[in-house]
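Structure file run-v4.tsv; described as TSV, C-alpha atoms.
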```tsv
chain	number	residue	atom	x	y	z
A	24	SER	CA	-39.97	26.06	-9.93
A	25	LYS	CA	-40.17	22.56	-8.35
A	26	ALA	CA	-43.86	23.19	-7.53
A	27	PHE	CA	-44.82	19.48	-7.45
A	28	MET	CA	-41.38	17.96	-6.97
A	29	ASN	CA	-41.54	14.35	-5.74
A	30	CYS	CA	-45.32	14.35	-5.30
A	31	LYS	CA	-45.42	10.56	-5.46
A	32	LYS	CA	-49.24	10.31	-5.44
A	33	LEU	CA	-49.92	12.92	-8.13
A	34	LYS	CA	-51.70	11.20	-11.01
A	35	LYS	CA	-53.35	14.03	-12.89
A	36	VAL	CA	-52.81	17.76	-13.30
A	37	THR	CA	-54.66	20.47	-15.20
A	38	LEU	CA	-52.46	23.35	-16.24
A	39	PRO	CA	-54.24	26.72	-16.60
A	40	SER	CA	-54.74	28.40	-19.96
A	41	GLY	CA	-52.56	31.47	-20.24
A	42	LEU	CA	-49.59	29.70	-18.63
A	43	LYS	CA	-46.38	30.78	-20.39
A	44	THR	CA	-43.69	28.69	-18.71
A	45	ILE	CA	-43.44	25.33	-16.96
A	46	GLY	CA	-40.70	25.99	-14.43
A	47	ARG	CA	-37.49	24.17	-13.56
A	48	GLY	CA	-38.17	20.79	-11.95
A	49	ALA	CA	-41.90	21.52	-11.70
A	50	PHE	CA	-42.95	17.84	-11.91
A	51	ILE	CA	-39.65	16.10	-11.21
A	52	GLY	CA	-40.11	12.70	-9.61
A	53	THR	CA	-43.91	12.52	-10.04
A	54	VAL	CA	-43.76	8.83	-10.84
A	55	LYS	CA	-47.54	8.27	-11.05
A	56	LEU	CA	-48.18	11.22	-13.34
A	57	THR	CA	-48.74	9.43	-16.65
A	58	SER	CA	-50.25	12.20	-18.76
A	59	VAL	CA	-50.33	15.97	-18.87
A	60	LYS	CA	-52.05	18.35	-21.25
A	61	ILE	CA	-49.87	21.34	-22.00
A	62	PRO	CA	-51.87	24.51	-22.76
A	63	LYS	CA	-51.50	26.23	-26.13
A	64	SER	CA	-50.16	29.32	-24.34
A	65	VAL	CA	-46.96	27.63	-23.07
A	66	LYS	CA	-43.78	28.90	-24.73
A	67	SER	CA	-41.05	27.19	-22.70
A	68	ILE	CA	-40.40	24.15	-20.53
A	69	GLY	CA	-37.68	24.50	-17.90
A	70	GLU	CA	-34.77	22.26	-16.91
A	71	TYR	CA	-35.80	18.87	-15.52
A	72	ALA	CA	-39.47	19.98	-15.60
A	73	PHE	CA	-40.84	16.44	-16.06
A	74	SER	CA	-37.69	14.41	-15.36
A	75	TYR	CA	-38.12	11.07	-13.58
A	76	SER	CA	-41.91	11.34	-13.98
A	77	GLY	CA	-44.29	8.66	-15.25
A	78	VAL	CA	-45.40	10.61	-18.32
A	79	LYS	CA	-46.11	8.30	-21.26
A	80	LYS	CA	-47.04	10.74	-24.00
A	81	VAL	CA	-46.11	14.36	-24.80
A	82	GLU	CA	-47.89	16.53	-27.33
A	83	LEU	CA	-46.26	19.95	-27.44
A	84	PRO	CA	-48.44	22.92	-28.47
A	85	SER	CA	-47.75	25.11	-31.48
A	86	SER	CA	-46.83	27.99	-29.13
A	87	ILE	CA	-43.74	26.31	-27.70
A	88	THR	CA	-40.29	27.51	-28.81
A	89	ASP	CA	-37.91	26.35	-26.08
A	90	ILE	CA	-37.30	23.11	-24.16
A	91	ALA	CA	-34.50	23.28	-21.61
A	92	TYR	CA	-31.80	20.80	-20.57
A	93	GLY	CA	-33.09	17.45	-19.33
A	94	ALA	CA	-36.76	18.47	-19.44
A	95	PHE	CA	-37.93	14.86	-19.90
A	96	ILE	CA	-34.75	13.02	-18.93
A	97	ASN	CA	-35.29	9.57	-17.38
A	98	CYS	CA	-39.01	9.51	-18.19
A	99	LYS	CA	-38.59	5.83	-18.91
A	100	SER	CA	-42.25	5.28	-19.89
A	101	LEU	CA	-42.33	8.16	-22.39
A	102	ALA	CA	-43.11	6.46	-25.70
A	103	SER	CA	-44.62	9.21	-27.86
A	104	VAL	CA	-43.41	12.75	-28.59
A	105	LYS	CA	-45.12	15.19	-30.96
A	106	ALA	CA	-43.68	18.66	-31.54
A	107	PRO	CA	-44.53	21.70	-33.70
A	108	ASN	CA	-42.29	23.11	-36.39
A	109	LYS	CA	-42.00	26.41	-34.50
A	110	LEU	CA	-39.97	24.73	-31.77
A	111	ILE	CA	-36.40	26.02	-32.22
A	112	LYS	CA	-34.39	25.46	-29.05
A	113	ILE	CA	-33.94	22.08	-27.35
A	114	GLY	CA	-31.42	21.62	-24.55
A	115	ALA	CA	-29.06	18.65	-24.27
A	116	ASN	CA	-30.44	15.40	-22.88
A	117	ALA	CA	-34.01	16.70	-23.05
A	118	PHE	CA	-35.30	13.20	-23.89
A	119	LYS	CA	-32.42	11.04	-22.66
A	120	ASN	CA	-33.30	7.61	-21.26
A	121	THR	CA	-36.85	7.61	-22.61
A	122	LYS	CA	-38.58	4.76	-24.39
A	123	TRP	CA	-39.25	7.10	-27.31
A	124	LEU	CA	-35.61	8.02	-27.87
A	125	LYS	CA	-34.46	4.42	-27.60
A	126	SER	CA	-37.00	3.38	-30.25
A	127	GLN	CA	-35.73	5.82	-32.88
A	128	LYS	CA	-34.05	4.31	-35.93
A	129	GLY	CA	-31.86	5.75	-38.66
A	130	ASP	CA	-28.85	8.06	-38.66
A	131	PHE	CA	-30.68	11.08	-37.24
A	132	THR	CA	-33.23	11.75	-34.51
A	133	SER	CA	-35.31	14.92	-34.55
A	134	VAL	CA	-38.04	16.49	-32.44
A	135	GLY	CA	-40.22	18.39	-34.89
A	136	LYS	CA	-37.58	19.83	-37.23
A	137	ASN	CA	-34.89	20.04	-34.57
A	138	LEU	CA	-31.96	17.65	-34.80
A	139	ILE	CA	-31.22	16.26	-31.32
A	140	SER	CA	-29.08	13.21	-32.07
A	141	TYR	CA	-26.71	11.73	-34.64
A	142	ASN	CA	-26.64	7.94	-34.35
A	143	LYS	CA	-24.28	6.59	-37.00
A	144	LYS	CA	-20.73	5.62	-36.12
A	145	ILE	CA	-17.89	7.08	-38.19
A	146	LYS	CA	-14.58	5.34	-37.63
A	147	LYS	CA	-11.17	5.79	-39.21
A	148	SER	CA	-11.99	2.89	-41.51
A	149	THR	CA	-15.22	4.57	-42.73
A	150	LYS	CA	-14.79	5.67	-46.37
A	151	ASN	CA	-17.31	8.53	-46.40
A	152	LYS	CA	-16.45	10.82	-43.51
A	153	THR	CA	-19.03	13.49	-44.42
A	154	VAL	CA	-22.25	13.94	-42.44
A	155	LYS	CA	-25.17	15.50	-44.34
A	156	VAL	CA	-27.86	16.85	-42.04
A	157	PRO	CA	-31.39	16.25	-43.42
A	158	GLU	CA	-33.11	18.90	-45.54
A	159	GLY	CA	-35.71	20.90	-43.63
A	160	THR	CA	-33.84	20.82	-40.31
A	161	LEU	CA	-34.36	24.13	-38.45
A	162	SER	CA	-31.94	23.79	-35.56
A	163	ILE	CA	-28.97	21.81	-34.27
A	164	ALA	CA	-29.57	21.12	-30.59
A	165	ASP	CA	-27.09	20.94	-27.73
A	166	GLY	CA	-24.93	17.83	-27.77
A	167	VAL	CA	-25.72	16.53	-31.28
A	168	PHE	CA	-22.08	16.44	-32.42
A	169	HIS	CA	-20.56	16.95	-29.00
A	170	ASP	CA	-21.19	14.02	-26.68
A	171	ALA	CA	-21.01	11.74	-29.72
A	172	ALA	CA	-17.63	13.04	-30.87
A	173	MET	CA	-15.39	10.71	-28.94
A	174	LYS	CA	-17.62	7.64	-29.23
A	175	LYS	CA	-19.49	7.78	-32.54
A	176	ILE	CA	-17.74	10.21	-34.88
A	177	PRO	CA	-14.05	10.36	-33.97
A	178	ALA	CA	-13.11	10.56	-37.66
A	179	VAL	CA	-15.72	12.90	-39.18
A	180	LYS	CA	-14.14	15.38	-41.61
A	181	SER	CA	-17.06	17.41	-42.94
A	182	ILE	CA	-20.58	18.33	-41.82
A	183	VAL	CA	-23.01	19.73	-44.40
A	184	LEU	CA	-25.91	21.75	-42.99
A	185	PRO	CA	-29.01	22.39	-45.16
A	186	GLU	CA	-30.01	25.96	-46.02
A	187	SER	CA	-33.06	25.57	-43.77
A	188	VAL	CA	-31.03	25.73	-40.53
A	189	LYS	CA	-31.73	28.86	-38.44
A	190	TYR	CA	-30.27	28.08	-35.00
A	191	ILE	CA	-27.08	26.37	-33.79
A	192	ALA	CA	-26.89	25.65	-30.06
A	193	ALA	CA	-23.96	26.32	-27.72
A	194	ASP	CA	-22.66	22.79	-27.13
A	195	SER	CA	-23.71	21.29	-30.44
A	196	PHE	CA	-20.18	20.60	-31.72
A	197	TYR	CA	-17.00	19.13	-30.30
A	198	CYS	CA	-15.30	17.32	-33.16
A	199	PRO	CA	-11.47	17.50	-33.10
A	200	SER	CA	-11.27	15.83	-36.54
A	201	LEU	CA	-13.76	18.22	-38.18
A	202	LYS	CA	-12.25	20.25	-41.03
A	203	SER	CA	-15.26	21.74	-42.81
A	204	ILE	CA	-18.77	23.01	-42.06
A	205	ASN	CA	-21.09	25.45	-43.84
A	206	ILE	CA	-23.29	28.19	-42.37
A	207	GLY	CA	-26.27	28.91	-44.63
A	208	SER	CA	-28.15	32.06	-45.51
A	209	LYS	CA	-30.97	31.56	-42.98
A	210	VAL	CA	-28.89	31.06	-39.82
A	211	LYS	CA	-29.87	33.76	-37.32
A	212	GLU	CA	-28.20	32.58	-34.14
A	213	ILE	CA	-24.92	30.72	-33.51
A	214	ASN	CA	-23.94	29.93	-29.94
A	215	THR	CA	-21.24	27.32	-30.49
A	216	GLU	CA	-17.51	28.10	-30.53
A	217	PHE	CA	-16.66	24.75	-32.18
A	218	ASP	CA	-14.46	23.88	-29.21
A	219	GLY	CA	-11.64	21.49	-30.05
A	220	CYS	CA	-12.02	21.94	-33.82
A	221	GLU	CA	-8.51	23.28	-34.31
A	222	ASN	CA	-8.33	22.67	-38.09
A	223	LEU	CA	-11.80	23.88	-38.98
A	224	THR	CA	-12.79	25.98	-42.00
A	225	VAL	CA	-16.25	27.55	-41.65
A	226	LYS	CA	-17.90	28.28	-44.98
A	227	VAL	CA	-20.37	31.18	-44.69
A	228	GLU	CA	-23.06	31.99	-47.27
A	229	LYS	CA	-22.01	35.47	-48.34
A	230	SER	CA	-25.45	37.12	-48.04
A	231	ASN	CA	-25.71	36.22	-44.32
A	232	LYS	CA	-24.37	39.36	-42.62
A	233	TYR	CA	-25.00	37.99	-39.13
A	234	ALA	CA	-22.98	34.83	-39.84
A	235	LEU	CA	-20.12	36.79	-41.42
A	236	LYS	CA	-19.88	39.02	-38.37
A	237	TRP	CA	-19.94	35.96	-36.13
A	238	ALA	CA	-17.24	34.21	-38.20
A	239	LYS	CA	-14.85	37.16	-37.95
A	240	LYS	CA	-15.26	37.30	-34.19
A	241	TRP	CA	-14.97	33.51	-33.88
A	242	LYS	CA	-11.70	33.42	-35.84
A	243	LYS	CA	-10.26	36.26	-33.77
A	244	ASN	CA	-11.19	34.52	-30.52
A	245	CYS	CA	-9.75	31.20	-31.69
A	246	ASN	CA	-6.49	32.86	-32.74
A	247	SER	CA	-6.17	34.48	-29.32
A	248	TYR	CA	-6.48	31.01	-27.76
A	249	GLY	CA	-3.67	29.68	-29.95
A	250	MET	CA	-5.89	28.03	-32.57
A	251	LYS	CA	-4.08	29.52	-35.57
A	252	LYS	CA	-5.30	27.10	-38.26
A	253	VAL	CA	-9.00	27.89	-38.08
A	254	LYS	CA	-10.43	30.09	-40.85
A	255	TYR	CA	-13.59	31.04	-42.63
A	256	THR	CA	-14.46	31.46	-46.30
A	257	THR	CA	-17.59	32.53	-48.16
A	258	TYR	CA	-19.77	30.88	-50.78
A	259	LYS	CA	-22.85	31.83	-52.78
A	260	LYS	CA	-25.87	29.56	-52.66
```

Hey, can you dump this file as structure tokens for me?
Amino acid sequence: SKAFMNCKKLKKVTLPSGLKTIGRGAFIGTVKLTSVKIPKSVKSIGEYAFSYSGVKKVELPSSITDIAYGAFINCKSLASVKAPNKLIKIGANAFKNTKWLKSQKGDFTSVGKNLISYNKKIKKSTKNKTVKVPEGTLSIADGVFHDAAMKKIPAVKSIVLPESVKYIAADSFYCPSLKSINIGSKVKEINTEFDGCENLTVKVEKSNKYALKWAKKWKKNCNSYGMKKVKYTTYKK
């Protein structure tokens, strides 16, 4: 943790093979560090690990499954990001204020098959208030429909997730206008409580026992907080 924090003269580093984790803030503020080769053994990158560094290119190994909050935040020279399909968990703001993120075009931005940003604006005047997440997406990262809720999608009514989704992060949704979302058969982990979605109906694929159990608990919790209109239903794919 914070092993090379603010080492202003550090230009190059060789990480040992067998390394499993790059710790919290390990290279924060290493402004002259322009490149780093991440070993194939690394499984996770901690919070702020490379934040405010001079890294220009990131190629994540096939072993990696978890990138924490703000791992590459404010790496303003970071222009290229390559990630494996096995990567499932990406924390909020992992690539915020990078050249790469600012260069992304289209409605959605993904790292590997992980949705990290929704870019289209949905206003009250927008006719189609349904968001369809791209086929093949494996996870919905922190903040995708949360930070954007008040600014970009204040009027979204429905979000359609593809059957490929396996993981839904804790702070992925905060959409007061949201009325409908589906949970597919492959979802194995749901950490969101859909905070602020007081009129939401969650549609669960009936073969997904994990999701059904989660939905029952979620509804009970919401009801105890005074959110009486939330509910869940089932569907068959």

Counting all atoms listed in the file, which residues have an atom no more than 10 Å from (-40.7, 26.9, -35.9) in the file's coordinates? Please list them as a PyMOL selection string.
chain A and resi 85-88+106-112+135-137+161-162+189

Could you jot down the atom CA of Thr57 of chain A to atom CA of Ser74 of chain A separation for me, Å, one decimal place?
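Going from atom CA of Thr57 of chain A over to atom CA of Ser74 of chain A covers 12.2 Å.
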
Do you know which residues are at most 6 Å from Asn222 of chain A counting only C-alpha atoms, after dropping those on the same chain fewer than 5 positions away, and could you put them as a list in words?
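My reading of the contact set: Lys202, Lys252 and Val253 of chain A.
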
Suppose you want the space between atom CA of Gly93 of chain A and atom CA of Lys60 of chain A; what is it in Å?
19.1 Å

Residue with smallest distance to His169 of chain A - pool A:Val156, A:Cys98, A:Ala192, A:Cys198, counting all atoms listed in the file
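Ranked by minimum distance to His169 of chain A, first place goes to A:Cys198.
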
Distance in Å - atom CA of Ile213 of chain A versus atom CA of Tyr248 of chain A:
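Interatomic distance here is 19.3 Å.
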
Using only C-alpha atoms for the distances, tell me which of A:Phe95, A:Phe118, A:Trp241, A:Phe131 is nearest to Glu158 of chain A.
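Residue with the minimum atom-to-atom distance to Glu158 of chain A: A:Phe131.
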
Could you check which of A:Gly166, A:Pro62, A:Gly219, A:Pro157 is closest to Leu42 of chain A, using all atoms listed in the file?
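For Leu42 of chain A, the nearest of the given residues is A:Pro62.
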
Residue list as a ChimeraX atom specification for point (-21.6, 24.3, -43.5), cut-off 7 Å, all atoms listed in the file:
/A:182-184,203-207,225-226

Of the listed residues A:Tyr255, A:Glu70, A:Val81, A:Lys155, that which approaches Lys243 of chain A most closely, counting all atoms listed in the file
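Answer, going by the shortest atom-to-atom distance: A:Tyr255.
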
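Residue neighbourhood of Lys105 of chain A, excluding near-sequence residues (fewer than 6 positions): Lys80, Val81, Glu82, Leu83, Pro84, Val134 and Gly135 of chain A, at 9 Å, using only C-alpha atoms.
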
Extract, using only C-alpha atoms, all DNA, RNA and protein residues at most 9 Å from Ser230 of chain A, discarding same-chain residues fewer than 5 positions from it, and format them as an MDAnalysis selection string.
chainID A and resid 207:208 235 258:260

I need the residue nearest Lys150 of chain A from this list: A:Lys236, A:Lys209, A:Lys242, A:Lys180. Use only C-alpha atoms for the distance.
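Smallest separation from Lys150 of chain A among the options: A:Lys180.
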
Spatial neighbours of Asn97 of chain A, 7 Å, all atoms listed in the file, chain gap at least 5 places, as a ChimeraX atom specification
/A:74-75,119-121

Identify which of the residues A:Thr224, A:Lys229, A:Asn246, A:Val188 lies closest to Ser200 of chain A, counting all atoms listed in the file when measuring atom-to-atom distances.
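Once distances to Ser200 of chain A are computed over all atoms listed in the file, the minimum belongs to A:Thr224.
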
Per residue of segment 44-157 of chain A within 10 Å of segment 32-40 of chain A, note the shortest atom pair and the distance in Å to one decimal, counting all atoms listed in the file, and order the rows by chain and increasing residue number, as a Markdown table.
```
| residue | atom | partner | partner_atom | distance |
| --- | --- | --- | --- | --- |
| A:Ile45 | CA | A:Leu38 | CA | 9.3 |
| A:Phe50 | CA | A:Leu33 | CA | 9.3 |
| A:Gly52 | CA | A:Leu33 | CA | 9.9 |
| A:Thr53 | CA | A:Leu33 | CA | 6.3 |
| A:Val54 | CA | A:Lys32 | CA | 7.8 |
| A:Lys55 | CA | A:Lys34 | CA | 5.1 |
| A:Leu56 | CA | A:Lys34 | CA | 4.2 |
| A:Thr57 | CA | A:Lys34 | CA | 6.6 |
| A:Ser58 | CA | A:Lys35 | CA | 6.9 |
| A:Val59 | CA | A:Val36 | CA | 6.4 |
| A:Lys60 | CA | A:Thr37 | CA | 6.9 |
| A:Ile61 | CA | A:Leu38 | CA | 6.6 |
| A:Pro62 | CA | A:Ser40 | CA | 5.6 |
| A:Lys63 | CA | A:Ser40 | CA | 7.3 |
| A:Ser64 | CA | A:Ser40 | CA | 6.4 |
| A:Val65 | CA | A:Ser40 | CA | 8.4 |
| A:Gly77 | CA | A:Lys34 | CA | 8.9 |
| A:Val78 | CA | A:Lys34 | CA | 9.7 |
```

Can you patch up segment 133-157 of chain A, filling it in to N, CA, C and O atoms, and show the result as an mmCIF file, in the coordinates of the input?
```cif
data_model
loop_
_atom_site.group_PDB
_atom_site.id
_atom_site.type_symbol
_atom_site.label_atom_id
_atom_site.label_comp_id
_atom_site.auth_asym_id
_atom_site.auth_seq_id
_atom_site.Cartn_x
_atom_site.Cartn_y
_atom_site.Cartn_z
ATOM 1 N N SER A 133 -34.854 13.543 -34.660
ATOM 2 C CA SER A 133 -35.310 14.920 -34.550
ATOM 3 C C SER A 133 -36.588 15.008 -33.733
ATOM 4 O O SER A 133 -37.384 14.064 -33.688
ATOM 5 N N VAL A 134 -36.781 16.155 -33.092
ATOM 6 C CA VAL A 134 -38.040 16.490 -32.440
ATOM 7 C C VAL A 134 -38.612 17.649 -33.243
ATOM 8 O O VAL A 134 -38.029 18.727 -33.282
ATOM 9 N N GLY A 135 -39.747 17.415 -33.913
ATOM 10 C CA GLY A 135 -40.220 18.390 -34.890
ATOM 11 C C GLY A 135 -39.181 18.464 -35.999
ATOM 12 O O GLY A 135 -38.812 17.454 -36.593
ATOM 13 N N LYS A 136 -38.637 19.650 -36.227
ATOM 14 C CA LYS A 136 -37.580 19.830 -37.230
ATOM 15 C C LYS A 136 -36.255 20.195 -36.577
ATOM 16 O O LYS A 136 -35.400 20.831 -37.184
ATOM 17 N N ASN A 137 -36.093 19.735 -35.342
ATOM 18 C CA ASN A 137 -34.890 20.040 -34.570
ATOM 19 C C ASN A 137 -34.044 18.794 -34.365
ATOM 20 O O ASN A 137 -34.494 17.829 -33.740
ATOM 21 N N LEU A 138 -32.854 18.796 -34.912
ATOM 22 C CA LEU A 138 -31.960 17.650 -34.800
ATOM 23 C C LEU A 138 -31.426 17.549 -33.378
ATOM 24 O O LEU A 138 -30.800 18.487 -32.871
ATOM 25 N N ILE A 139 -31.679 16.428 -32.706
ATOM 26 C CA ILE A 139 -31.220 16.260 -31.320
ATOM 27 C C ILE A 139 -30.194 15.142 -31.160
ATOM 28 O O ILE A 139 -29.547 15.037 -30.124
ATOM 29 N N SER A 140 -30.022 14.320 -32.209
ATOM 30 C CA SER A 140 -29.080 13.210 -32.070
ATOM 31 C C SER A 140 -28.591 12.705 -33.421
ATOM 32 O O SER A 140 -29.361 12.631 -34.376
ATOM 33 N N TYR A 141 -27.280 12.399 -33.479
ATOM 34 C CA TYR A 141 -26.710 11.730 -34.640
ATOM 35 C C TYR A 141 -26.279 10.346 -34.193
ATOM 36 O O TYR A 141 -25.531 10.201 -33.211
ATOM 37 N N ASN A 142 -26.752 9.308 -34.877
ATOM 38 C CA ASN A 142 -26.640 7.940 -34.350
ATOM 39 C C ASN A 142 -25.651 7.039 -35.072
ATOM 40 O O ASN A 142 -25.340 5.955 -34.586
ATOM 41 N N LYS A 143 -25.168 7.458 -36.226
ATOM 42 C CA LYS A 143 -24.280 6.590 -37.000
ATOM 43 C C LYS A 143 -22.834 6.710 -36.515
ATOM 44 O O LYS A 143 -22.378 7.781 -36.146
ATOM 45 N N LYS A 144 -22.138 5.613 -36.533
ATOM 46 C CA LYS A 144 -20.730 5.620 -36.120
ATOM 47 C C LYS A 144 -19.825 5.885 -37.321
ATOM 48 O O LYS A 144 -20.000 5.300 -38.384
ATOM 49 N N ILE A 145 -18.882 6.795 -37.149
ATOM 50 C CA ILE A 145 -17.890 7.080 -38.190
ATOM 51 C C ILE A 145 -16.510 6.803 -37.621
ATOM 52 O O ILE A 145 -16.032 7.510 -36.735
ATOM 53 N N LYS A 146 -15.898 5.748 -38.114
ATOM 54 C CA LYS A 146 -14.580 5.340 -37.630
ATOM 55 C C LYS A 146 -13.501 5.715 -38.643
ATOM 56 O O LYS A 146 -13.797 6.196 -39.733
ATOM 57 N N LYS A 147 -12.277 5.500 -38.297
ATOM 58 C CA LYS A 147 -11.170 5.790 -39.210
ATOM 59 C C LYS A 147 -11.269 4.954 -40.469
ATOM 60 O O LYS A 147 -10.807 5.369 -41.527
ATOM 61 N N SER A 148 -11.872 3.787 -40.358
ATOM 62 C CA SER A 148 -11.990 2.890 -41.510
ATOM 63 C C SER A 148 -13.183 3.253 -42.416
ATOM 64 O O SER A 148 -13.316 2.732 -43.518
ATOM 65 N N THR A 149 -14.058 4.166 -41.944
ATOM 66 C CA THR A 149 -15.220 4.570 -42.730
ATOM 67 C C THR A 149 -14.764 5.372 -43.957
ATOM 68 O O THR A 149 -13.999 6.323 -43.822
ATOM 69 N N LYS A 150 -15.228 4.990 -45.140
ATOM 70 C CA LYS A 150 -14.790 5.670 -46.370
ATOM 71 C C LYS A 150 -15.359 7.084 -46.476
ATOM 72 O O LYS A 150 -14.648 8.029 -46.764
ATOM 73 N N ASN A 151 -16.676 7.215 -46.295
ATOM 74 C CA ASN A 151 -17.310 8.530 -46.400
ATOM 75 C C ASN A 151 -17.359 9.180 -45.017
ATOM 76 O O ASN A 151 -18.132 8.768 -44.158
ATOM 77 N N LYS A 152 -16.540 10.178 -44.821
ATOM 78 C CA LYS A 152 -16.450 10.820 -43.510
ATOM 79 C C LYS A 152 -17.195 12.161 -43.481
ATOM 80 O O LYS A 152 -16.897 13.044 -42.684
ATOM 81 N N THR A 153 -18.191 12.297 -44.368
ATOM 82 C CA THR A 153 -19.030 13.490 -44.420
ATOM 83 C C THR A 153 -20.416 13.188 -43.862
ATOM 84 O O THR A 153 -21.025 12.178 -44.207
ATOM 85 N N VAL A 154 -20.909 14.067 -42.995
ATOM 86 C CA VAL A 154 -22.250 13.940 -42.440
ATOM 87 C C VAL A 154 -23.140 15.002 -43.094
ATOM 88 O O VAL A 154 -22.835 16.190 -43.025
ATOM 89 N N LYS A 155 -24.230 14.573 -43.718
ATOM 90 C CA LYS A 155 -25.170 15.500 -44.340
ATOM 91 C C LYS A 155 -26.453 15.540 -43.513
ATOM 92 O O LYS A 155 -27.198 14.563 -43.446
ATOM 93 N N VAL A 156 -26.680 16.670 -42.876
ATOM 94 C CA VAL A 156 -27.860 16.850 -42.040
ATOM 95 C C VAL A 156 -29.095 16.940 -42.944
ATOM 96 O O VAL A 156 -29.043 17.571 -44.003
ATOM 97 N N PRO A 157 -30.199 16.308 -42.557
ATOM 98 C CA PRO A 157 -31.390 16.250 -43.420
ATOM 99 C C PRO A 157 -31.954 17.621 -43.806
ATOM 100 O O PRO A 157 -31.946 18.565 -43.013
#
```
